[in-house]
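So this block is entry_18.cif, mmCIF, C-alpha atoms:
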data_protein
loop_
_atom_site.label_atom_id
_atom_site.label_comp_id
_atom_site.auth_asym_id
_atom_site.auth_seq_id
_atom_site.Cartn_x
_atom_site.Cartn_y
_atom_site.Cartn_z
CA MET H 1050 -15.17 -34.58 -6.40
CA PRO H 1051 -14.18 -34.97 -10.05
CA THR H 1052 -16.53 -33.62 -12.70
CA ASN H 1053 -17.23 -35.40 -15.94
CA HIS H 1054 -18.23 -32.84 -18.55
CA THR H 1055 -17.05 -31.61 -21.90
CA ILE H 1056 -16.93 -27.97 -22.92
CA HIS H 1057 -17.21 -27.65 -26.68
CA ASP H 1058 -15.37 -25.03 -28.72
CA ASP H 1059 -18.60 -23.00 -28.92
CA GLY H 1060 -18.90 -22.83 -25.10
CA PHE H 1061 -21.73 -25.38 -24.78
CA ILE H 1062 -21.66 -28.34 -22.38
CA THR H 1063 -23.50 -31.63 -22.72
CA LEU H 1064 -26.26 -31.92 -20.12
CA SER H 1065 -29.16 -34.23 -19.35
CA LEU H 1066 -32.27 -32.43 -18.17
CA LYS H 1067 -35.79 -33.70 -17.53
CA ALA H 1068 -38.25 -32.37 -20.10
CA SER H 1069 -40.57 -31.14 -17.35
CA VAL H 1070 -37.79 -29.05 -15.80
CA LEU H 1071 -36.89 -27.56 -19.18
CA GLN H 1072 -40.53 -26.74 -19.82
CA GLN H 1073 -40.73 -24.91 -16.48
CA MET H 1074 -37.55 -22.99 -17.30
CA LEU H 1075 -38.91 -21.97 -20.71
CA SER H 1076 -42.27 -20.97 -19.21
CA LYS H 1077 -40.64 -18.80 -16.58
CA GLU H 1078 -38.23 -17.37 -19.15
CA SER H 1079 -35.30 -18.62 -17.04
CA VAL H 1080 -33.54 -19.83 -20.16
CA HIS H 1081 -33.64 -18.52 -23.72
CA MET H 1082 -34.04 -20.82 -26.70
CA THR H 1083 -30.80 -19.51 -28.24
CA ASP H 1084 -28.97 -20.92 -25.20
CA ILE H 1085 -30.01 -24.46 -26.15
CA HIS H 1086 -28.15 -26.50 -28.75
CA CYS H 1087 -29.04 -30.07 -29.79
CA HIS H 1088 -27.01 -32.59 -31.73
CA CYS H 1089 -29.79 -35.00 -32.67
CA THR H 1090 -33.09 -34.55 -34.51
CA GLN H 1091 -35.17 -36.22 -31.80
CA SER H 1092 -33.91 -33.81 -29.12
CA LYS H 1093 -34.55 -30.83 -31.42
CA GLN H 1094 -38.14 -31.96 -31.96
CA ILE H 1095 -38.71 -32.38 -28.21
CA ILE H 1096 -37.26 -28.92 -27.52
CA GLN H 1097 -39.46 -27.38 -30.23
CA GLN H 1098 -42.56 -29.00 -28.73
CA LEU H 1099 -41.70 -27.83 -25.22
CA LEU H 1100 -41.09 -24.30 -26.51
CA LEU H 1101 -44.49 -24.27 -28.22
CA GLN H 1102 -46.16 -25.51 -25.03
CA ALA H 1103 -44.43 -22.80 -23.02
CA ALA H 1104 -45.56 -20.14 -25.50
CA ILE H 1105 -49.16 -21.37 -25.40
CA GLU H 1106 -49.15 -21.24 -21.57
CA LYS H 1107 -48.09 -17.56 -21.76
CA VAL H 1108 -51.16 -16.59 -23.81
#

Target format structure tokens, applied to this file:
Amino acid sequence: MPTNHTIHDDGFITLSLKASVLQQMLSKESVHMTDIHCHCTQSKQIIQQLLLQAAIEKV
């Protein structure tokens, strides 16, 4: 089965992920914020909001 992905020079790959799944991963500390890189402002804002929600749930 052929794969269709691009590995950037910095080691990142482009990936589509449901916001709810990312929020669960952040809440469970399965992924660290420094492992996430966004190319567009809208995605960055969504990631920031999900990170804040995950932090609030930890309190």

Set the distance at 8 Å and use only C-alpha atoms: which residues neighbour region 1093-1108 of chain H once local chain neighbours fewer than 4 positions away are removed? I'd like the list as a list in words.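 The neighbour list is Ala1068, Leu1071, Gln1072, Gln1073, Leu1075, Ser1076, Met1082, Cys1087, His1088 and Cys1089 of chain H.
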
- [ ] Tell me, in Å to one decimal, how far CA of Phe1061 (chain H) is from CA of Ser1079 (chain H).
- [x]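 These two atoms are separated by 17.0 Å.
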
If I take CA of Met1074 (chain H) and CA of Gly1060 (chain H), how far is one from the other in Å, to one decimal?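 That distance, rounded to one decimal, is 20.2 Å.
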
Return as AutoDock Vina command-line options the centre and edge lengths, in Å with one decimal, of the box along x, y and z that encloses every atom of region 1074-1083 of chain H in the file, padded by 3 Å per side.
--center_x -36.5 --center_y -20.2 --center_z -22.4 --size_x 17.5 --size_y 11.6 --size_z 17.7

note - CA of Asp1059 (chain H) and CA of Thr1083 (chain H) are separated by 12.7 Å
